[in-house]
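Engineer: Okay, so here is final-v1.cif, and as you'll see once you scroll down, it has mmCIF, C-alpha atoms and all ligand atoms.
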```
data_model
loop_
_atom_site.group_PDB
_atom_site.id
_atom_site.type_symbol
_atom_site.label_atom_id
_atom_site.label_comp_id
_atom_site.auth_asym_id
_atom_site.auth_seq_id
_atom_site.Cartn_x
_atom_site.Cartn_y
_atom_site.Cartn_z
ATOM 1 C CA MET A 1293 -12.124 16.963 -6.155
ATOM 2 C CA SER A 1294 -11.028 13.520 -5.088
ATOM 3 C CA HIS A 1295 -8.212 13.156 -2.633
ATOM 4 C CA ALA A 1296 -6.053 10.027 -2.483
ATOM 5 C CA PRO A 1297 -5.441 9.105 1.163
ATOM 6 C CA CYS A 1298 -1.854 8.970 2.347
ATOM 7 C CA PRO A 1299 -0.639 5.374 2.690
ATOM 8 C CA PRO A 1300 -0.639 3.816 6.147
ATOM 9 C CA PRO A 1301 2.696 3.151 7.839
ATOM 10 C CA ALA A 1302 4.211 -0.268 7.289
ATOM 11 C CA ARG A 1303 3.048 -2.971 9.655
ATOM 12 C CA PRO A 1304 6.066 -3.884 11.745
ATOM 13 C CA ASP A 1305 5.285 -7.579 11.905
ATOM 14 C CA ALA A 1306 4.748 -8.707 8.332
ATOM 15 C CA ILE A 1307 8.041 -8.600 6.479
ATOM 16 C CA PRO A 1308 11.189 -7.175 8.077
ATOM 17 C CA GLY A 1309 11.645 -3.591 7.007
ATOM 18 C CA PRO A 1310 14.688 -2.053 5.434
ATOM 19 C CA SER A 1311 17.095 -2.496 8.313
ATOM 20 C CA HIS A 1312 19.825 -0.690 6.414
ATOM 21 C CA ALA A 1313 17.676 2.430 6.736
ATOM 22 C CA ARG A 1314 16.442 1.917 10.263
ATOM 23 C CA ALA A 1315 19.898 1.411 11.679
ATOM 24 C CA ARG A 1316 21.129 4.872 10.785
ATOM 25 C CA THR A 1317 18.156 7.203 11.064
ATOM 26 C CA PRO A 1318 16.898 8.931 14.210
ATOM 27 C CA ALA A 1319 13.681 7.184 15.223
ATOM 28 C CA ALA A 1320 11.895 10.447 16.041
ATOM 29 C CA GLN A 1321 12.235 11.779 12.494
ATOM 30 C CA ARG A 1322 12.564 8.948 10.049
ATOM 31 C CA PRO A 1323 12.209 6.641 8.337
ATOM 32 C CA ARG A 1324 8.707 7.196 7.061
ATOM 33 C CA THR A 1325 7.839 3.858 5.578
ATOM 34 C CA THR A 1326 4.887 2.185 3.948
ATOM 35 C CA ARG A 1327 4.346 -1.285 2.578
ATOM 36 C CA LEU A 1328 2.179 -2.977 -0.040
ATOM 37 C CA GLU A 1329 1.438 -6.682 -0.416
ATOM 38 C CA MET A 1330 0.788 -7.788 -3.991
ATOM 39 C CA ARG A 1331 -0.395 -11.031 -5.471
ATOM 40 C CA ALA A 1332 2.136 -12.393 -7.954
ATOM 41 C CA VAL A 1333 0.108 -11.458 -11.027
ATOM 42 C CA SER A 1334 0.726 -9.262 -14.049
ATOM 43 C CA THR A 1335 -1.210 -6.301 -12.631
ATOM 44 C CA ALA A 1336 1.147 -5.984 -9.647
ATOM 45 C CA PRO A 1337 3.664 -3.561 -11.228
ATOM 46 C CA GLY A 1338 0.855 -1.127 -12.053
ATOM 47 C CA ARG A 1339 -0.488 -1.332 -8.500
ATOM 48 C CA ALA A 1340 3.011 -0.806 -7.172
ATOM 49 C CA ARG A 1341 3.516 2.309 -9.285
ATOM 50 C CA ALA A 1342 0.220 3.819 -8.146
ATOM 51 C CA PHE A 1343 1.042 3.071 -4.505
ATOM 52 C CA LEU A 1344 4.483 4.630 -4.923
ATOM 53 C CA ARG A 1345 3.069 7.756 -6.567
ATOM 54 C CA ALA A 1346 0.641 8.271 -3.699
ATOM 55 C CA ALA A 1347 3.369 7.856 -1.090
ATOM 56 C CA LEU A 1348 5.727 10.269 -2.825
ATOM 57 C CA ALA A 1349 2.955 12.841 -3.158
ATOM 58 C CA CYS A 1350 2.221 12.567 0.567
ATOM 59 C CA TRP A 1351 5.875 12.879 1.458
ATOM 60 C CA GLY A 1352 6.599 15.830 -0.840
ATOM 61 C CA LEU A 1353 8.955 13.787 -3.003
ATOM 62 C CA THR A 1354 7.210 14.050 -6.371
ATOM 63 C CA ALA A 1355 10.466 15.112 -8.051
ATOM 64 C CA LEU A 1356 11.582 11.493 -7.703
ATOM 65 C CA THR A 1357 8.431 9.989 -9.180
ATOM 66 C CA ASP A 1358 9.647 9.176 -12.699
ATOM 67 C CA ASP A 1359 12.870 7.440 -11.658
ATOM 68 C CA ALA A 1360 11.279 5.761 -8.643
ATOM 69 C CA GLU A 1361 8.419 4.437 -10.785
ATOM 70 C CA ALA A 1362 10.796 2.931 -13.326
ATOM 71 C CA ILE A 1363 12.867 1.270 -10.601
ATOM 72 C CA THR A 1364 9.786 0.003 -8.777
ATOM 73 C CA SER A 1365 8.373 -1.422 -11.993
ATOM 74 C CA GLU A 1366 11.539 -3.361 -12.757
ATOM 75 C CA LEU A 1367 12.036 -4.688 -9.221
ATOM 76 C CA VAL A 1368 8.397 -5.695 -8.780
ATOM 77 C CA THR A 1369 8.277 -7.342 -12.205
ATOM 78 C CA ASN A 1370 11.363 -9.358 -11.324
ATOM 79 C CA GLY A 1371 9.895 -10.255 -7.937
ATOM 80 C CA ILE A 1372 6.656 -11.463 -9.508
ATOM 81 C CA THR A 1373 8.555 -13.598 -12.000
ATOM 82 C CA ALA A 1374 10.729 -15.050 -9.236
ATOM 83 C CA SER A 1375 7.690 -15.852 -7.093
ATOM 84 C CA GLN A 1376 5.934 -17.555 -10.000
ATOM 85 C CA GLN A 1377 9.026 -19.592 -10.798
ATOM 86 C CA ALA A 1378 9.534 -20.565 -7.146
ATOM 87 C CA ALA A 1379 5.969 -21.842 -6.684
ATOM 88 C CA PRO A 1380 5.489 -25.605 -6.942
ATOM 89 C CA ALA A 1381 3.180 -26.725 -9.746
ATOM 90 C CA GLY A 1382 -0.460 -26.165 -8.817
ATOM 91 C CA ILE A 1383 0.363 -23.898 -5.862
ATOM 92 C CA THR A 1384 -0.482 -20.188 -5.956
ATOM 93 C CA PRO A 1385 2.724 -18.126 -6.016
ATOM 94 C CA ALA A 1386 3.468 -16.297 -2.758
ATOM 95 C CA PRO A 1387 2.791 -12.556 -2.595
ATOM 96 C CA VAL A 1388 5.497 -9.992 -3.190
ATOM 97 C CA TRP A 1389 5.996 -7.041 -0.844
ATOM 98 C CA LEU A 1390 6.979 -3.500 -1.752
ATOM 99 C CA THR A 1391 8.365 -1.301 1.017
ATOM 100 C CA ILE A 1392 9.034 2.377 0.391
ATOM 101 C CA THR A 1393 11.050 4.309 2.940
ATOM 102 C CA ASP A 1394 11.867 7.978 3.157
ATOM 103 C CA ALA A 1395 15.108 7.723 5.093
ATOM 104 C CA THR A 1396 17.512 10.473 6.077
ATOM 105 C CA ALA A 1397 18.810 11.329 2.632
ATOM 106 C CA GLU A 1398 17.496 8.519 0.461
ATOM 107 C CA LEU A 1399 14.279 7.066 -0.826
ATOM 108 C CA LEU A 1400 14.578 3.308 -0.421
ATOM 109 C CA ILE A 1401 12.598 0.917 -2.605
ATOM 110 C CA ASP A 1402 12.661 -2.636 -1.244
ATOM 111 C CA VAL A 1403 10.991 -5.582 -2.932
ATOM 112 C CA TRP A 1404 10.722 -8.890 -1.097
ATOM 113 C CA ASP A 1405 10.003 -12.079 -3.028
ATOM 114 C CA PRO A 1406 9.948 -15.683 -1.816
ATOM 115 C CA SER A 1407 12.718 -16.985 -4.063
ATOM 116 C CA PRO A 1408 16.194 -17.452 -2.583
ATOM 117 C CA GLU A 1409 17.749 -17.028 -6.026
ATOM 118 C CA PRO A 1410 19.766 -13.813 -6.339
ATOM 119 C CA PRO A 1411 19.296 -11.277 -9.120
ATOM 120 C CA VAL A 1412 21.868 -11.673 -11.881
ATOM 121 C CA ALA A 1413 23.201 -8.328 -13.008
ATOM 122 C CA GLY A 1414 26.077 -7.445 -15.273
ATOM 123 C CA HIS A 1415 25.265 -9.250 -18.490
ATOM 124 C CA VAL A 1416 24.828 -6.612 -21.183
ATOM 125 C CA PRO A 1417 22.033 -7.759 -23.508
ATOM 126 C CA GLY A 1418 22.616 -7.882 -27.232
ATOM 127 C CA THR A 1419 20.699 -5.643 -29.619
ATOM 128 C CA TRP A 1420 18.087 -8.295 -30.329
ATOM 129 C CA ASP A 1421 17.748 -9.660 -26.799
ATOM 130 C CA GLU A 1422 14.265 -9.065 -25.451
ATOM 131 C CA ASN A 1423 15.259 -9.385 -21.795
ATOM 132 C CA GLY A 1424 18.069 -8.502 -19.459
ATOM 133 C CA ARG A 1425 17.614 -4.730 -19.210
ATOM 134 C CA GLY A 1426 15.674 -4.367 -15.959
ATOM 135 C CA LEU A 1427 18.589 -4.367 -13.547
ATOM 136 C CA LEU A 1428 20.612 -2.170 -15.900
ATOM 137 C CA ILE A 1429 17.806 0.380 -15.630
ATOM 138 C CA VAL A 1430 17.771 0.030 -11.845
ATOM 139 C CA LYS A 1431 21.534 0.520 -11.707
ATOM 140 C CA ALA A 1432 21.448 3.523 -14.046
ATOM 141 C CA LEU A 1433 18.659 5.350 -12.228
ATOM 142 C CA SER A 1434 19.527 4.592 -8.617
ATOM 143 C CA HIS A 1435 22.167 5.960 -6.296
ATOM 144 C CA ARG A 1436 22.917 2.410 -5.195
ATOM 145 C CA TRP A 1437 21.222 -0.972 -5.236
ATOM 146 C CA ALA A 1438 21.806 -4.424 -3.789
ATOM 147 C CA TRP A 1439 20.035 -7.480 -2.466
ATOM 148 C CA TYR A 1440 20.143 -9.555 0.719
ATOM 149 C CA HIS A 1441 18.748 -12.689 2.301
ATOM 150 C CA LEU A 1442 16.792 -12.212 5.517
ATOM 151 C CA ASN A 1443 17.927 -14.019 8.635
ATOM 152 C CA GLY A 1444 15.194 -16.408 9.665
ATOM 153 C CA HIS A 1445 12.941 -15.546 6.728
ATOM 154 C CA ALA A 1446 12.501 -17.132 3.343
ATOM 155 C CA GLY A 1447 13.235 -15.290 0.145
ATOM 156 C CA LYS A 1448 15.211 -12.110 -0.286
ATOM 157 C CA VAL A 1449 14.969 -8.362 -0.685
ATOM 158 C CA VAL A 1450 16.222 -6.549 -3.762
ATOM 159 C CA TRP A 1451 16.465 -2.827 -3.070
ATOM 160 C CA ALA A 1452 17.494 0.431 -4.675
ATOM 161 C CA ALA A 1453 18.019 3.927 -3.302
ATOM 162 C CA LEU A 1454 17.490 7.391 -4.774
ATOM 163 C CA LEU A 1455 19.003 10.471 -3.190
ATOM 164 C CA THR A 1456 16.348 12.789 -1.771
ATOM 165 C CA ARG A 1457 18.603 15.826 -1.358
HETATM 166 N N1 LIG B 1 14.009 -10.959 -7.806
HETATM 167 C C1 LIG B 1 14.720 -11.836 -8.527
HETATM 168 N N2 LIG B 1 14.788 -13.139 -8.139
HETATM 169 C C2 LIG B 1 15.499 -14.049 -8.834
HETATM 170 N N3 LIG B 1 16.192 -13.754 -9.942
HETATM 171 C C3 LIG B 1 16.164 -12.486 -10.382
HETATM 172 C C4 LIG B 1 15.445 -11.454 -9.697
HETATM 173 N N4 LIG B 1 15.631 -10.299 -10.375
HETATM 174 C C5 LIG B 1 16.397 -10.583 -11.426
HETATM 175 N N5 LIG B 1 16.722 -11.897 -11.439
HETATM 176 C C6 LIG B 1 17.574 -12.589 -12.414
HETATM 177 O O1 LIG B 1 18.408 -11.618 -13.000
HETATM 178 C C7 LIG B 1 18.196 -11.611 -14.408
HETATM 179 C C8 LIG B 1 18.336 -10.219 -14.922
HETATM 180 O O2 LIG B 1 17.227 -9.425 -14.499
HETATM 181 P P1 LIG B 1 16.782 -8.199 -15.400
HETATM 182 O O3 LIG B 1 15.630 -7.560 -14.733
HETATM 183 O O4 LIG B 1 17.971 -7.353 -15.691
HETATM 184 O O5 LIG B 1 16.353 -8.844 -16.767
HETATM 185 P P2 LIG B 1 15.057 -9.687 -17.126
HETATM 186 O O6 LIG B 1 14.080 -9.640 -16.007
HETATM 187 O O7 LIG B 1 15.534 -11.036 -17.561
HETATM 188 O O8 LIG B 1 14.495 -8.921 -18.402
HETATM 189 P P3 LIG B 1 13.800 -7.478 -18.485
HETATM 190 O O9 LIG B 1 13.816 -6.889 -17.097
HETATM 191 O O10 LIG B 1 14.643 -6.700 -19.447
HETATM 192 O O11 LIG B 1 12.424 -7.748 -18.971
HETATM 193 C C9 LIG B 1 16.842 -12.233 -14.629
HETATM 194 O O12 LIG B 1 16.729 -12.851 -15.897
HETATM 195 C C10 LIG B 1 16.771 -13.260 -13.517
HETATM 196 O O13 LIG B 1 17.467 -14.436 -13.886
HETATM 197 MG MG MG B 2 13.505 -7.779 -15.228
#
```
Would you mind writing the file out in structure tokens?

Structural biologist:
Amino acid sequence: MSHAPCPPPARPDAIPGPSHARARTPAAQRPRTTRLEMRAVSTAPGRARAFLRAALACWGLTALTDDAEAITSELVTNGITASQQAAPAGITPAPVWLTITDATAELLIDVWDPSPEPPVAGHVPGTWDENGRGLLIVKALSHRWAWYHLNGHAGKVVWAALLTR
């Protein structure tokens, strides 16, 4: 029987972690956090979902898998699009980072992309609109969600939280 290895902890140096989680959780217990760098290509959401599934299985949080996968898919897809749009012509789009954190009472899903442009939520798509549903899905499935610019770093993080208890 094959056994998927548990994901390594996030490297502390690459992209700043979810400071909203770190600030309020005892260091000895949590957060457990892991991070994935993805090229800004169409296969990234699938990679992100697989990475998430493995982390949740390792952390005993499989009950959250369906909702967390849907949220991760939407946030990563948006991040990939934003990175592609932010890249100058002829330049490879910058990678997108997924950080998953098991904090005190929440699973945090953070997606960093290199674009400073904020997500635009709130517009309810018409029946025949093909786009504009991703953030509605994130809002509906999550406990809370938001975005922020990083001091001293390019881009932004769009994040969502699911209650773990
Ligand atoms: N990470 C992001 N960076 C920049 N803009 C974003 C980001 N995420 C969302 N947006 C903006 O917010 C809008 C709404 O996002 P949302 O995910 O709801 O819809 P969509 O991506 O346009 O379509 P769908 O997700 O239904 O395929 C996007 O069209 C885009 O303009
Ligand atoms: Mg979207």

Engineer: Please measure the separation of CA of Thr1391 in chain A and CA of Asp1405 in chain A, giving the value in Å to one decimal.

Structural biologist: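 Value for the CA of Thr1391 in chain A-CA of Asp1405 in chain A distance: 11.6 Å.
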
Engineer: All residues within 7 Å of ligand LIG 1 (chain B) are required, counting all atoms listed in the file; please report them as a count of residues only.

Structural biologist: 20

Engineer: Do a neighbour search on Pro1385 in chain A at 12 Å with only C-alpha atoms, toss out local chain neighbours closer than 3 positions, and write the hits as a PyMOL selection string.

Structural biologist: chain A and resi 1330-1333+1371-1382+1388+1405-1407

Engineer: So, counting all atoms listed in the file, which residue among A:Asp1359, A:Arg1324, A:Thr1364, A:Thr1354 is closest to Ala1336 in chain A?

Structural biologist: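 Distance minimum relative to Ala1336 in chain A lands on A:Thr1364.
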
Engineer: For this file, the PyMOL selection byres (((chain A and resi 1389) around 6) and not hetatm) selects which residues, as a ChimeraX atom specification?

Structural biologist: /A:1328-1329,1388,1390,1403-1404

Engineer: Measuring atom to atom with only C-alpha atoms, identify which of A:Pro1408, A:Val1430, A:Cys1350, A:Ser1334 is nearest to Leu1442 in chain A.

Structural biologist: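 Once distances to Leu1442 in chain A are computed over only C-alpha atoms, the minimum belongs to A:Pro1408.
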
Engineer: Taking the file above as input, evaluate the PyMOL selection byres (((chain A and resi 1343) around 10) and not hetatm) and report the hits as a list in words.

Structural biologist: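 Evaluating the PyMOL selection byres (((chain A and resi 1343) around 10) and not hetatm) on this file yields Cys1298, Pro1299, Thr1326, Arg1327, Leu1328, Pro1337, Gly1338, Arg1339, Ala1340, Arg1341, Ala1342, Leu1344, Arg1345, Ala1346, Ala1347, Leu1348, Glu1361, Leu1390 and Ile1392 of chain A.
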
Engineer: Using only C-alpha atoms, find the one residue out of A:Ala1432, A:Tyr1440, A:Ala1446, A:Ile1401 that sits nearest to Ala1360 in chain A.

Structural biologist: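 Smallest separation from Ala1360 in chain A among the options: A:Ile1401.
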
Engineer: Figure out the distance between CA of Asp1358 in chain A and CA of Trp1420 in chain A, please, to one decimal in Å.

Structural biologist: 26.2 Å

Engineer: How would range 1365-1384 of chain A look with N, CA and C atoms restored, written as a compact mmCIF listing (two decimals), in the frame of the given file?

Structural biologist:
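Saved the output as out-v9.txt:
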```txt
# COMPACT_ATOMS: atom_id res chain seq x y z
N SER A 1365 8.92 -0.53 -10.96
CA SER A 1365 8.37 -1.42 -11.99
C SER A 1365 9.30 -2.59 -12.27
N GLU A 1366 10.58 -2.29 -12.43
CA GLU A 1366 11.54 -3.36 -12.76
C GLU A 1366 11.70 -4.33 -11.59
N LEU A 1367 11.82 -3.80 -10.37
CA LEU A 1367 12.04 -4.69 -9.22
C LEU A 1367 10.79 -5.53 -8.93
N VAL A 1368 9.62 -4.93 -9.04
CA VAL A 1368 8.40 -5.70 -8.78
C VAL A 1368 8.18 -6.74 -9.88
N THR A 1369 8.43 -6.37 -11.12
CA THR A 1369 8.28 -7.34 -12.20
C THR A 1369 9.21 -8.54 -11.98
N ASN A 1370 10.43 -8.26 -11.60
CA ASN A 1370 11.36 -9.36 -11.32
C ASN A 1370 10.89 -10.20 -10.14
N GLY A 1371 10.38 -9.53 -9.11
CA GLY A 1371 9.90 -10.26 -7.94
C GLY A 1371 8.72 -11.16 -8.26
N ILE A 1372 7.82 -10.67 -9.09
CA ILE A 1372 6.66 -11.46 -9.51
C ILE A 1372 7.12 -12.70 -10.29
N THR A 1373 8.03 -12.48 -11.21
CA THR A 1373 8.56 -13.60 -12.00
C THR A 1373 9.22 -14.63 -11.09
N ALA A 1374 10.03 -14.14 -10.15
CA ALA A 1374 10.73 -15.05 -9.24
C ALA A 1374 9.74 -15.84 -8.38
N SER A 1375 8.69 -15.16 -7.92
CA SER A 1375 7.69 -15.85 -7.09
C SER A 1375 6.97 -16.92 -7.91
N GLN A 1376 6.62 -16.58 -9.14
CA GLN A 1376 5.93 -17.56 -10.00
C GLN A 1376 6.84 -18.76 -10.27
N GLN A 1377 8.11 -18.49 -10.50
CA GLN A 1377 9.03 -19.59 -10.80
C GLN A 1377 9.31 -20.45 -9.56
N ALA A 1378 9.23 -19.83 -8.38
CA ALA A 1378 9.53 -20.56 -7.15
C ALA A 1378 8.36 -21.41 -6.67
N ALA A 1379 7.16 -21.13 -7.17
CA ALA A 1379 5.97 -21.84 -6.68
C ALA A 1379 5.91 -23.26 -7.26
N PRO A 1380 5.68 -24.25 -6.42
CA PRO A 1380 5.49 -25.60 -6.94
C PRO A 1380 4.27 -25.65 -7.87
N ALA A 1381 4.29 -26.60 -8.80
CA ALA A 1381 3.18 -26.72 -9.75
C ALA A 1381 1.85 -26.86 -8.99
N GLY A 1382 0.88 -26.08 -9.41
CA GLY A 1382 -0.46 -26.16 -8.82
C GLY A 1382 -0.62 -25.35 -7.55
N ILE A 1383 0.44 -24.72 -7.08
CA ILE A 1383 0.36 -23.90 -5.86
C ILE A 1383 0.41 -22.41 -6.25
N THR A 1384 -0.46 -21.63 -5.66
CA THR A 1384 -0.48 -20.19 -5.96
C THR A 1384 0.83 -19.55 -5.52
```
